[in-house]
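Visitor: So I've got this file, start.cif, and it contains mmCIF, C-alpha atoms and all ligand atoms:
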data_data
loop_
_atom_site.label_atom_id
_atom_site.label_comp_id
_atom_site.auth_asym_id
_atom_site.auth_seq_id
_atom_site.Cartn_x
_atom_site.Cartn_y
_atom_site.Cartn_z
CA MET A 560 352.27 -10.94 35.01
CA THR A 561 350.96 -8.24 32.71
CA ALA A 562 352.58 -7.05 29.52
CA LEU A 563 353.80 -3.97 31.35
CA LEU A 564 355.79 -5.76 33.99
CA ASP A 565 357.26 -8.12 31.40
CA LYS A 566 359.21 -5.06 30.36
CA LYS A 567 360.86 -5.06 33.80
CA ILE A 568 359.95 -1.43 34.30
CA ARG A 569 360.59 -1.67 38.03
CA GLN A 570 364.30 -1.52 37.21
CA ASP A 571 363.72 2.07 36.07
CA PHE A 572 362.55 3.08 39.56
CA SER A 573 365.44 2.54 41.96
CA ILE A 574 363.48 4.24 44.77
CA LEU A 575 361.26 1.14 44.87
CA GLU A 576 364.20 -1.09 45.77
CA GLN A 577 364.31 0.28 49.31
CA ILE A 578 363.76 -1.61 52.51
CA ILE A 579 361.38 0.27 54.79
CA ASN A 580 361.06 -0.92 58.38
CA ASP A 581 362.82 -4.19 57.44
CA GLU A 582 360.34 -4.81 54.62
CA PRO A 583 360.57 -4.25 50.86
CA LEU A 584 358.69 -1.07 50.02
CA ALA A 585 355.20 -1.39 48.55
CA TYR A 586 354.54 2.16 47.36
CA LEU A 587 350.77 2.57 47.16
CA ASP A 588 350.42 6.34 47.42
CA ASN A 589 350.40 7.08 43.71
CA ALA A 590 347.28 9.25 43.76
CA ALA A 591 349.29 11.68 45.92
CA THR A 592 352.36 11.53 43.70
CA THR A 593 354.14 8.96 41.55
CA GLN A 594 357.78 7.93 41.45
CA LYS A 595 360.03 9.07 38.63
CA PRO A 596 361.85 6.64 36.31
CA LYS A 597 365.56 7.07 35.66
CA GLN A 598 364.76 8.23 32.10
CA VAL A 599 362.95 11.29 33.52
CA LEU A 600 365.66 11.98 36.10
CA GLU A 601 368.34 11.76 33.42
CA VAL A 602 366.57 14.32 31.24
CA LEU A 603 366.17 16.64 34.23
CA ASN A 604 369.84 16.30 35.12
CA ASN A 605 371.00 16.56 31.54
CA TYR A 606 369.13 19.82 31.09
CA TYR A 607 370.91 21.40 34.06
CA GLU A 608 374.27 19.87 33.19
CA LYS A 609 374.29 20.65 29.48
CA ASP A 610 371.52 22.95 28.27
CA ASN A 611 370.56 25.27 31.15
CA ALA A 612 369.53 28.68 29.81
CA ASN A 613 366.43 30.82 29.79
CA VAL A 614 363.86 30.21 27.08
CA HIS A 615 362.53 32.47 24.30
CA ARG A 616 365.12 35.18 24.99
CA GLY A 617 368.64 34.36 23.99
CA VAL A 618 370.07 33.61 20.59
CA HIS A 619 373.06 31.70 21.93
CA THR A 620 373.25 27.94 21.51
CA LEU A 621 372.21 26.97 25.04
CA ALA A 622 369.19 29.30 24.92
CA GLU A 623 368.17 27.82 21.60
CA ARG A 624 368.54 24.28 22.92
CA ALA A 625 366.54 25.06 26.07
CA THR A 626 363.79 26.75 24.04
CA ALA A 627 363.63 23.90 21.54
CA ALA A 628 363.37 21.28 24.32
CA TYR A 629 360.75 23.32 26.22
CA GLU A 630 358.58 23.77 23.13
CA ALA A 631 359.12 20.13 22.09
CA SER A 632 357.61 19.16 25.46
CA ARG A 633 354.59 21.31 24.76
CA GLU A 634 354.13 19.38 21.51
CA LYS A 635 354.44 16.09 23.44
CA ALA A 636 351.79 17.28 25.90
CA ARG A 637 349.56 18.33 22.99
CA ALA A 638 349.83 14.91 21.40
CA PHE A 639 349.29 13.18 24.77
CA ILE A 640 345.88 14.82 25.23
CA ASN A 641 345.21 15.20 21.50
CA ALA A 642 344.67 18.96 21.57
CA LYS A 643 344.30 20.53 18.13
CA SER A 644 347.16 22.97 18.58
CA THR A 645 350.02 23.77 20.96
CA LYS A 646 348.35 27.18 21.35
CA GLU A 647 345.88 25.34 23.57
CA VAL A 648 348.53 23.81 25.84
CA LEU A 649 349.57 26.06 28.72
CA PHE A 650 352.26 25.04 31.17
CA THR A 651 351.17 25.57 34.76
CA ARG A 652 352.40 24.49 38.18
CA GLY A 653 349.81 21.71 38.20
CA THR A 654 346.10 21.06 38.38
CA THR A 655 345.54 23.55 41.21
CA THR A 656 347.02 26.38 39.16
CA GLY A 657 345.10 25.24 36.09
CA LEU A 658 341.78 25.33 37.92
CA ASN A 659 342.60 28.72 39.45
CA TRP A 660 343.26 30.07 35.96
CA VAL A 661 339.92 28.69 34.78
CA THR A 662 338.14 30.44 37.64
CA HIS A 663 339.98 33.62 36.68
CA PHE A 664 338.21 33.32 33.33
CA ALA A 665 334.97 32.54 35.18
CA ASP A 666 335.43 35.79 37.06
CA GLU A 667 335.14 37.61 33.73
CA VAL A 668 332.05 35.67 32.69
CA LEU A 669 329.92 35.04 35.79
CA GLU A 670 327.05 37.32 36.72
CA GLU A 671 324.78 37.47 39.72
CA ASP A 672 322.58 34.37 40.16
CA ASP A 673 324.49 32.36 37.58
CA GLU A 674 325.26 28.81 38.65
CA VAL A 675 328.38 26.68 38.67
CA ILE A 676 327.90 22.93 38.96
CA ILE A 677 330.52 20.76 40.60
CA SER A 678 330.21 17.39 42.33
CA ILE A 679 330.46 16.44 45.97
CA MET A 680 333.49 14.28 45.18
CA GLU A 681 335.68 17.18 43.99
CA HIS A 682 339.19 17.77 45.27
CA HIS A 683 339.52 21.08 47.16
CA SER A 684 341.31 22.54 44.14
CA ASN A 685 338.07 22.13 42.19
CA VAL A 686 335.96 23.49 45.08
CA VAL A 687 337.67 26.42 46.76
CA PRO A 688 338.49 28.50 43.63
CA TRP A 689 334.83 28.13 42.58
CA GLN A 690 333.61 29.14 46.05
CA GLU A 691 335.72 32.27 45.81
CA VAL A 692 334.67 33.25 42.30
CA CYS A 693 330.99 32.57 43.03
CA ARG A 694 331.15 34.63 46.22
CA LYS A 695 332.76 37.56 44.36
CA ASN A 696 330.17 37.51 41.58
CA GLY A 697 327.00 36.62 43.48
CA ALA A 698 326.82 33.28 41.64
CA HIS A 699 325.78 29.97 43.23
CA LEU A 700 327.79 26.80 43.63
CA VAL A 701 325.52 23.82 43.02
CA TYR A 702 326.55 20.27 44.00
CA VAL A 703 325.76 16.99 42.32
CA TYR A 704 325.63 14.06 44.76
CA LEU A 705 326.21 10.32 44.56
CA LYS A 706 324.41 7.14 43.64
CA ASP A 707 325.91 3.71 44.28
CA GLY A 708 329.24 5.28 45.19
CA ALA A 709 329.51 7.22 41.91
CA LEU A 710 328.14 10.39 40.32
CA ASP A 711 324.35 10.58 40.22
CA MET A 712 323.67 11.53 36.61
CA THR A 713 319.96 12.01 37.27
CA ASP A 714 320.84 14.57 39.93
CA LEU A 715 323.22 16.26 37.48
CA ARG A 716 320.58 16.46 34.74
CA SER A 717 318.04 17.91 37.16
CA LYS A 718 320.44 20.70 38.18
CA LEU A 719 321.49 21.83 34.71
CA SER A 720 319.62 24.87 33.46
CA SER A 721 320.05 28.06 31.49
CA LYS A 722 321.54 29.51 34.69
CA THR A 723 324.45 27.05 34.55
CA LYS A 724 327.57 28.77 33.25
CA PHE A 725 330.26 26.23 34.19
CA VAL A 726 330.28 22.53 34.95
CA SER A 727 333.54 21.42 36.55
CA ILE A 728 333.99 17.74 37.33
CA ALA A 729 336.85 15.37 38.15
CA HIS A 730 337.40 12.79 35.43
CA VAL A 731 338.44 10.27 38.10
CA SER A 732 337.78 10.78 41.81
CA ASN A 733 340.85 10.76 44.05
CA VAL A 734 338.79 9.07 46.79
CA LEU A 735 335.99 7.05 45.20
CA GLY A 736 338.12 5.81 42.31
CA CYS A 737 335.15 6.08 39.94
CA VAL A 738 335.40 7.38 36.37
CA ASN A 739 332.92 10.14 35.63
CA PRO A 740 331.30 10.24 32.17
CA VAL A 741 332.77 13.62 31.30
CA LYS A 742 332.09 13.31 27.57
CA GLU A 743 328.39 12.86 28.27
CA ILE A 744 328.48 15.66 30.85
CA ALA A 745 330.21 17.99 28.35
CA GLU A 746 327.40 17.35 25.89
CA LEU A 747 324.78 18.17 28.54
CA ALA A 748 326.69 21.27 29.67
CA HIS A 749 326.97 22.55 26.11
CA GLU A 750 323.25 21.99 25.53
CA VAL A 751 322.55 24.64 28.19
CA GLY A 752 325.39 26.87 26.95
CA ALA A 753 327.76 26.17 29.85
CA TYR A 754 331.53 25.64 29.73
CA MET A 755 332.82 22.18 30.59
CA VAL A 756 335.91 21.90 32.80
CA VAL A 757 337.55 18.54 33.47
CA ASP A 758 339.91 17.99 36.39
CA GLY A 759 342.12 15.33 34.86
CA ALA A 760 344.63 15.04 37.73
CA GLN A 761 343.67 11.41 38.36
CA SER A 762 342.77 10.40 34.81
CA ALA A 763 345.57 11.68 32.58
CA PRO A 764 348.21 9.46 34.27
CA HIS A 765 346.10 6.33 33.86
CA MET A 766 344.18 6.34 30.56
CA THR A 767 344.22 7.72 27.03
CA ILE A 768 342.99 11.31 26.99
CA ASP A 769 341.51 12.92 23.93
CA VAL A 770 340.25 16.41 24.71
CA GLN A 771 338.67 16.73 21.26
CA GLU A 772 336.75 13.51 21.76
CA LEU A 773 335.71 14.56 25.29
CA ASP A 774 334.73 17.92 23.79
CA CYS A 775 335.64 19.73 27.01
CA ASP A 776 336.53 23.41 27.14
CA PHE A 777 339.28 23.04 29.74
CA PHE A 778 341.28 20.06 30.99
CA THR A 779 343.94 20.09 33.72
CA LEU A 780 346.69 17.69 34.66
CA SER A 781 349.63 17.52 37.10
CA GLY A 782 353.01 16.24 35.91
CA HIS A 783 354.01 14.76 39.27
CA LYS A 784 351.09 12.29 39.19
CA MET A 785 352.32 10.87 35.88
CA LEU A 786 356.04 10.21 36.44
CA GLY A 787 357.07 13.85 35.97
CA PRO A 788 358.50 16.31 38.48
CA THR A 789 356.52 18.47 40.88
CA GLY A 790 355.72 22.07 39.96
CA ILE A 791 354.72 21.41 36.36
CA GLY A 792 351.33 20.72 34.82
CA VAL A 793 349.19 21.49 31.83
CA LEU A 794 346.02 23.48 31.36
CA TYR A 795 344.32 22.72 28.07
CA GLY A 796 341.87 25.38 26.92
CA ARG A 797 339.94 25.61 23.70
CA GLU A 798 341.69 28.16 21.47
CA GLU A 799 338.64 30.42 20.96
CA ILE A 800 338.21 30.66 24.73
CA LEU A 801 341.89 31.29 25.48
CA ASN A 802 341.81 34.07 22.91
CA GLN A 803 339.01 35.81 24.84
CA MET A 804 340.53 35.09 28.23
CA SER A 805 342.77 37.68 29.91
CA PRO A 806 346.17 36.63 31.18
CA VAL A 807 346.26 35.71 34.86
CA GLU A 808 349.79 36.88 35.54
CA PHE A 809 351.60 39.84 34.04
CA GLY A 810 355.27 40.56 33.47
CA GLY A 811 358.06 39.42 31.19
CA GLU A 812 357.58 36.91 28.37
CA MET A 813 353.81 37.39 28.02
CA ILE A 814 353.86 40.82 26.37
CA ASP A 815 353.94 41.95 22.79
CA PHE A 816 354.80 45.57 23.51
CA VAL A 817 355.04 47.55 26.73
CA HIS A 818 354.31 51.29 26.58
CA GLU A 819 354.64 53.58 29.58
CA GLN A 820 350.99 53.27 30.56
CA LYS A 821 349.69 50.11 28.86
CA SER A 822 350.79 46.92 27.19
CA THR A 823 349.68 44.42 24.61
CA TRP A 824 349.90 40.66 24.95
CA THR A 825 351.80 38.19 22.91
CA ASP A 826 350.24 35.17 21.18
CA LEU A 827 348.94 31.95 22.64
CA PRO A 828 350.15 30.03 24.54
CA TRP A 829 352.85 32.41 25.83
CA LYS A 830 350.28 35.07 26.75
CA PHE A 831 349.65 32.98 29.87
CA GLU A 832 353.24 32.16 30.76
CA ALA A 833 354.57 35.28 32.49
CA GLY A 834 358.13 35.18 33.80
CA THR A 835 360.69 32.43 33.59
CA PRO A 836 358.74 29.19 33.47
CA ASN A 837 359.60 25.84 35.02
CA ILE A 838 361.81 24.96 32.08
CA ALA A 839 363.44 21.87 33.57
CA GLY A 840 360.07 20.64 34.83
CA ALA A 841 358.43 21.03 31.43
CA ILE A 842 361.28 19.23 29.67
CA ALA A 843 361.18 16.39 32.22
CA LEU A 844 357.40 16.18 31.85
CA GLY A 845 358.07 15.64 28.15
CA ALA A 846 360.30 12.70 29.12
CA ALA A 847 357.55 11.31 31.37
CA ILE A 848 355.09 11.56 28.48
CA ASP A 849 357.59 9.74 26.23
CA TYR A 850 357.90 7.00 28.83
CA LEU A 851 354.14 6.54 29.18
CA THR A 852 353.56 6.75 25.45
CA GLU A 853 356.17 4.08 24.85
CA LEU A 854 354.44 1.80 27.37
CA GLY A 855 351.07 2.59 25.76
CA MET A 856 348.25 4.12 27.78
CA ASP A 857 345.99 1.17 26.95
CA LYS A 858 348.55 -1.13 28.59
CA VAL A 859 348.85 1.21 31.57
CA GLN A 860 345.10 1.05 32.04
CA ALA A 861 344.97 -2.72 31.51
CA HIS A 862 347.71 -3.27 34.08
CA GLU A 863 345.92 -1.23 36.71
CA HIS A 864 342.66 -2.97 35.92
CA GLU A 865 344.36 -6.31 36.46
CA LEU A 866 345.66 -5.17 39.85
CA VAL A 867 342.26 -3.82 40.90
CA SER A 868 340.54 -7.04 39.77
CA TYR A 869 342.99 -8.92 41.95
CA VAL A 870 343.01 -6.76 45.08
CA LEU A 871 339.52 -5.27 45.34
CA PRO A 872 337.70 -8.57 46.06
CA LYS A 873 340.38 -9.47 48.62
CA LEU A 874 339.86 -6.14 50.41
CA GLN A 875 336.07 -6.46 50.24
CA ALA A 876 336.37 -9.91 51.84
CA ILE A 877 338.06 -8.53 54.98
CA ASP A 878 335.51 -8.43 57.75
CA GLY A 879 335.00 -4.88 59.06
CA LEU A 880 336.65 -3.21 56.05
CA THR A 881 334.60 -0.70 54.06
CA VAL A 882 335.69 0.23 50.55
CA TYR A 883 334.32 3.57 49.31
CA GLY A 884 333.16 4.23 45.78
CA PRO A 885 331.70 1.71 43.34
CA GLN A 886 331.96 -1.88 44.53
CA GLU A 887 332.22 -3.42 41.05
CA VAL A 888 335.73 -4.09 39.79
CA SER A 889 334.74 -2.83 36.33
CA LYS A 890 333.85 0.60 37.73
CA HIS A 891 336.78 1.06 40.11
CA THR A 892 340.16 2.51 39.07
CA GLY A 893 343.36 1.98 41.03
CA VAL A 894 342.35 4.45 43.75
CA ILE A 895 340.91 2.48 46.67
CA ALA A 896 339.87 4.35 49.81
CA PHE A 897 338.86 2.28 52.81
CA ASN A 898 338.30 2.21 56.55
CA LEU A 899 338.62 -0.54 59.13
CA ASP A 900 335.88 -0.63 61.75
CA GLY A 901 336.94 0.95 65.03
CA LEU A 902 340.36 2.08 63.80
CA HIS A 903 341.53 5.55 62.92
CA PRO A 904 342.91 5.61 59.36
CA HIS A 905 346.08 7.33 60.60
CA ASP A 906 346.71 4.36 62.91
CA VAL A 907 346.03 2.04 59.98
CA ALA A 908 348.45 3.94 57.72
CA THR A 909 351.11 3.99 60.45
CA ALA A 910 350.69 0.26 61.09
CA LEU A 911 350.92 -0.44 57.34
CA ASP A 912 354.11 1.61 57.17
CA TYR A 913 355.65 -0.75 59.77
CA GLU A 914 355.07 -3.45 57.16
CA GLY A 915 356.67 -1.37 54.38
CA VAL A 916 353.31 -0.49 52.81
CA ALA A 917 352.94 3.23 51.97
CA VAL A 918 349.32 4.40 51.85
CA ARG A 919 347.77 7.76 52.56
CA ALA A 920 345.29 8.58 55.32
CA GLY A 921 343.25 11.72 55.90
CA HIS A 922 340.54 13.69 54.16
CA HIS A 923 342.38 13.53 50.81
CA CYS A 924 341.62 17.22 50.15
CA ALA A 925 337.98 16.27 49.68
CA GLN A 926 336.33 17.37 52.92
CA PRO A 927 332.86 17.93 51.41
CA LEU A 928 332.91 14.30 50.21
CA ILE A 929 334.29 12.93 53.47
CA SER A 930 331.54 14.77 55.41
CA HIS A 931 328.93 13.56 52.92
CA LEU A 932 330.09 9.97 53.49
CA GLY A 933 329.63 10.55 57.23
CA ILE A 934 333.26 9.80 58.09
CA HIS A 935 336.20 11.86 59.38
CA SER A 936 338.86 10.42 57.15
CA ALA A 937 339.88 7.30 55.26
CA ALA A 938 342.96 5.32 54.29
CA ARG A 939 343.73 5.10 50.59
CA ALA A 940 345.82 2.70 48.53
CA SER A 941 346.50 3.82 44.97
CA PHE A 942 348.29 1.88 42.26
CA TYR A 943 350.46 2.65 39.26
CA ILE A 944 352.44 1.05 36.48
CA TYR A 945 355.21 -0.40 38.68
CA ASN A 946 352.94 -2.00 41.27
CA THR A 947 352.69 -5.77 41.34
CA LYS A 948 350.38 -8.46 42.70
CA GLU A 949 352.99 -8.92 45.46
CA ASP A 950 352.31 -5.29 46.48
CA CYS A 951 348.60 -6.15 46.57
CA ASP A 952 349.28 -9.21 48.73
CA LYS A 953 351.45 -7.17 51.07
CA LEU A 954 348.65 -4.62 51.44
CA VAL A 955 346.04 -7.25 52.22
CA GLU A 956 348.30 -9.15 54.64
CA ALA A 957 349.34 -5.94 56.41
CA ILE A 958 345.70 -4.88 56.82
CA ILE A 959 344.78 -8.27 58.27
CA LYS A 960 347.79 -8.13 60.63
CA THR A 961 346.86 -4.58 61.70
CA LYS A 962 343.28 -5.61 62.36
CA GLU A 963 344.38 -8.59 64.47
CA PHE A 964 346.90 -6.49 66.39
CA PHE A 965 344.40 -3.74 67.28
CA ASN A 966 341.58 -6.17 67.99
CA GLY A 967 343.87 -7.79 70.51
CA THR A 968 344.47 -4.47 72.22
CA LEU A 969 341.00 -2.91 71.97
N1 LIG B 1001 342.31 17.13 41.57
C1 LIG B 1001 342.43 15.87 41.94
C2 LIG B 1001 341.32 14.89 41.60
C3 LIG B 1001 343.56 15.44 42.64
O1 LIG B 1001 343.68 14.18 43.02
C4 LIG B 1001 344.57 16.38 42.94
C5 LIG B 1001 345.81 15.99 43.71
N2 LIG B 1001 345.60 15.15 44.80
C6 LIG B 1001 344.40 17.70 42.53
C7 LIG B 1001 343.26 18.03 41.84
C8 LIG B 1001 345.43 18.75 42.80
O2 LIG B 1001 346.59 18.49 42.11
P1 LIG B 1001 347.93 19.31 42.42
O3 LIG B 1001 348.12 19.25 43.91
O4 LIG B 1001 348.97 18.57 41.67
O5 LIG B 1001 347.72 20.69 41.94
#
Could you write out this structure as structure tokens?
Guide:
Amino acid sequence: MTALLDKKIRQDFSILEQIINDEPLAYLDNAATTQKPKQVLEVLNNYYEKDNANVHRGVHTLAERATAAYEASREKARAFINAKSTKEVLFTRGTTTGLNWVTHFADEVLEEDDEVIISIMEHHSNVVPWQEVCRKNGAHLVYVYLKDGALDMTDLRSKLSSKTKFVSIAHVSNVLGCVNPVKEIAELAHEVGAYMVVDGAQSAPHMTIDVQELDCDFFTLSGHKMLGPTGIGVLYGREEILNQMSPVEFGGEMIDFVHEQKSTWTDLPWKFEAGTPNIAGAIALGAAIDYLTELGMDKVQAHEHELVSYVLPKLQAIDGLTVYGPQEVSKHTGVIAFNLDGLHPHDVATALDYEGVAVRAGHHCAQPLISHLGIHSAARASFYIYNTKEDCDKLVEAIIKTKEFFNGTL
């Protein structure tokens, strides 16, 4: 048992105590969304029961409490990613919103024949906004492909040039489970004068993030993938860039002064937060950050590594099972996509659900990658802090049972 589970953290997640189809639940769909500990749910509830008020407006006690808690969460998020200042920490709805805001900035910067480099493993939220902004500006979207199930750095180097204006790469792939060397890529991007954008949706929940050390210009994360509620996330942007960047949404809260015909904007970070924000979500994200920080992100990472070291070889040993991404345990995070020969991943996921094992099946919002791999879809098991070796065993046993069942009927 790892240091994490010694702390009996499973007791904080009552949702995991359920029996699903007569089996104890093994929740292995954490790359889609994670469960929330009681500490986060209590903070969410407490806010609505005791402190509910709008932020930054009122002078009454509840408004002051709500504002203080909301801004305290911003400070927690700043510390979590080690941004220099809370001015660089914008609350968003999640990674998708964050990346759309970045492409809004790109819309102001891109010119005809400029290039944007992304990789073939990107989630649709790091593909489609770039397609749109490139199409509008006559810029080109350039893809970096794979080598040995991970990013081909030689391909990336060969595609960087003075035409490159943005490089936007997932820190961890939500299908291949590989970690991309975003610090090295940021250095290369900056050498050609490009901005570096990191999609941290699958990294921030699982490892220590230091945006200053990574030296990226933008970094996005989603609260719901790291024990927080849905509808809240963070976009980090370097202060000098956010100062140049126009707001994406306009309305209340984000103004300094509104005249009849024009307006001026307030300071960072509020310039980007038009309207009433997701106050409860931001405060609960702060509680999720507290929870993870107390566990220690190094322990979170070590725990997942222990699970992957245990389960990956067992999966690789199943005849007819293909694991995507790097095959070495040292290079694979707790996102494991796989297929079983001759079986549709939806059938696999349904059969696993009969055994109480929750995995995802489909294209995982990464259709360019799925096409590149020459498949239609894949099943995916993804692990988090509360998963155990018993969950791993259940997964492996359920896959073997599924295989035997379908082989008997094929
Ligand atoms: N990028 C990656 C790598 C993801 O895994 C996800 C979520 N599956 C997203 C972006 C989008 O995150 P959200 O839906 O929370 O905006």
Visitor: Using all atoms listed in the file, determine which residues fall within 6 Å of ligand LIG 1001 (chain B), then list them as a VMD selection string.
Guide: chain A and resid 591 653 to 655 682 684 729 732 to 733 758 760 to 761 781
Visitor: Write out as a list of chain:residue names each polymer residue whose atoms come within 8 Å of range 701-709 of chain A, counting only C-alpha atoms; drop sequence neighbours fewer than 2 positions from it.
Guide: A:Glu674, A:Val675, A:Ile676, A:Ile677, A:Ser678, A:Ile679, A:Met680, A:His699, A:Asp711, A:Asp714, A:Leu715, A:Lys718, A:Leu735, A:Cys737, A:Asn739, A:Tyr883, A:Gly884, A:Pro885, A:Gln886
Visitor: Per residue of range 745-840 of chain A within 12 Å of range 633-644 of chain A, what are the shortest atom pair and its distance in Å to one decimal, counting all atoms listed in the file, with rows by chain and residue number, as a tab-separated table?
Guide:
residue	atom	partner	partner_atom	distance
A:Gly759	CA	A:Ile640	CA	10.4
A:Ser762	CA	A:Ile640	CA	11.0
A:Ala763	CA	A:Ile640	CA	8.0
A:Pro764	CA	A:Phe639	CA	10.3
A:His765	CA	A:Phe639	CA	11.8
A:Met766	CA	A:Ile640	CA	10.2
A:Thr767	CA	A:Ile640	CA	7.5
A:Ile768	CA	A:Ile640	CA	4.9
A:Asp769	CA	A:Ile640	CA	4.9
A:Val770	CA	A:Ile640	CA	5.9
A:Gln771	CA	A:Ala642	CA	6.4
A:Glu772	CA	A:Asn641	CA	8.6
A:Leu773	CA	A:Ile640	CA	10.2
A:Asp774	CA	A:Ala642	CA	10.2
A:Cys775	CA	A:Ala642	CA	10.6
A:Asp776	CA	A:Ala642	CA	10.8
A:Phe777	CA	A:Ala642	CA	10.6
A:Phe778	CA	A:Ile640	CA	9.0
A:Thr779	CA	A:Ile640	CA	10.2
A:Leu780	CA	A:Ile640	CA	9.9
A:Ser781	CA	A:Ala636	CA	11.4
A:Gly782	CA	A:Ala636	CA	10.1
A:Met785	CA	A:Phe639	CA	11.7
A:Gly787	CA	A:Ala636	CA	11.9
A:Ile791	CA	A:Arg633	CA	11.6
A:Gly792	CA	A:Ala636	CA	9.6
A:Val793	CA	A:Ala636	CA	7.7
A:Leu794	CA	A:Ala636	CA	10.1
A:Tyr795	CA	A:Ala642	CA	7.5
A:Gly796	CA	A:Ala642	CA	8.8
A:Arg797	CA	A:Ala642	CA	8.4
A:Glu798	CA	A:Ser644	CA	8.1
A:Glu799	CA	A:Ser644	CA	11.6
A:Leu827	CA	A:Ser644	CA	10.0
A:Pro828	CA	A:Ser644	CA	9.7
A:Trp829	CA	A:Arg633	CA	11.3
A:Ile838	CA	A:Arg633	CA	10.9
A:Gly840	CA	A:Arg633	CA	11.5
Visitor: Near Gly811 in chain A, within 9 Å and counting all atoms listed in the file, which residues show up once chain neighbours fewer than 2 positions away are dropped, as number ranges by chain?
Guide: A: 809, 813-814, 832-835
Visitor: I'd like the neighbourhood of Ser573 in chain A as a PDB file with C-alpha atoms, in the frame of the given file, where a residue qualifies if any of its atoms comes within 10 Å (using all atoms listed in the file), though same-chain residues fewer than 3 positions away should be ignored.
Guide:
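Written file, part.pdb:
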ATOM      1  CA  ARG A 569     360.590  -1.670  38.030  1.00  0.00           C
ATOM      2  CA  GLN A 570     364.300  -1.520  37.210  1.00  0.00           C
ATOM      3  CA  GLU A 576     364.200  -1.090  45.770  1.00  0.00           C
ATOM      4  CA  GLN A 577     364.310   0.280  49.310  1.00  0.00           C
ATOM      5  CA  GLN A 594     357.780   7.930  41.450  1.00  0.00           C
ATOM      6  CA  LYS A 595     360.030   9.070  38.630  1.00  0.00           C
ATOM      7  CA  PRO A 596     361.850   6.640  36.310  1.00  0.00           C
ATOM      8  CA  LYS A 597     365.560   7.070  35.660  1.00  0.00           C
TER       9      LYS A 597
END
Visitor: Using only C-alpha atoms for the distances, tell me which of A:Asn611, A:Gln803, A:Ser727, A:Ser936 is nearest to Glu681 in chain A.
Guide: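 For Glu681 in chain A, the nearest of the candidates is A:Ser727.
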Visitor: Hey, what's within 7 Å of Asn589 in chain A if we count only C-alpha atoms and toss same-chain stuff fewer than 5 positions away? As a list of chain:residue names, please?
Guide: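 Residues near the query, excluding close chain neighbours: A:Lys784, A:Ser941, A:Phe942, A:Tyr943.
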Visitor: Can you list, as a list in words, every protein, DNA or RNA residue that comes within 7 Å of Thr662 in chain A when you count only C-alpha atoms, leaving out same-chain residues fewer than 2 positions away?
Guide: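 Those residues are Leu658, Asn659, Trp660, Phe664, Ala665, Asp666, Pro688, Trp689 and Val692 of chain A.
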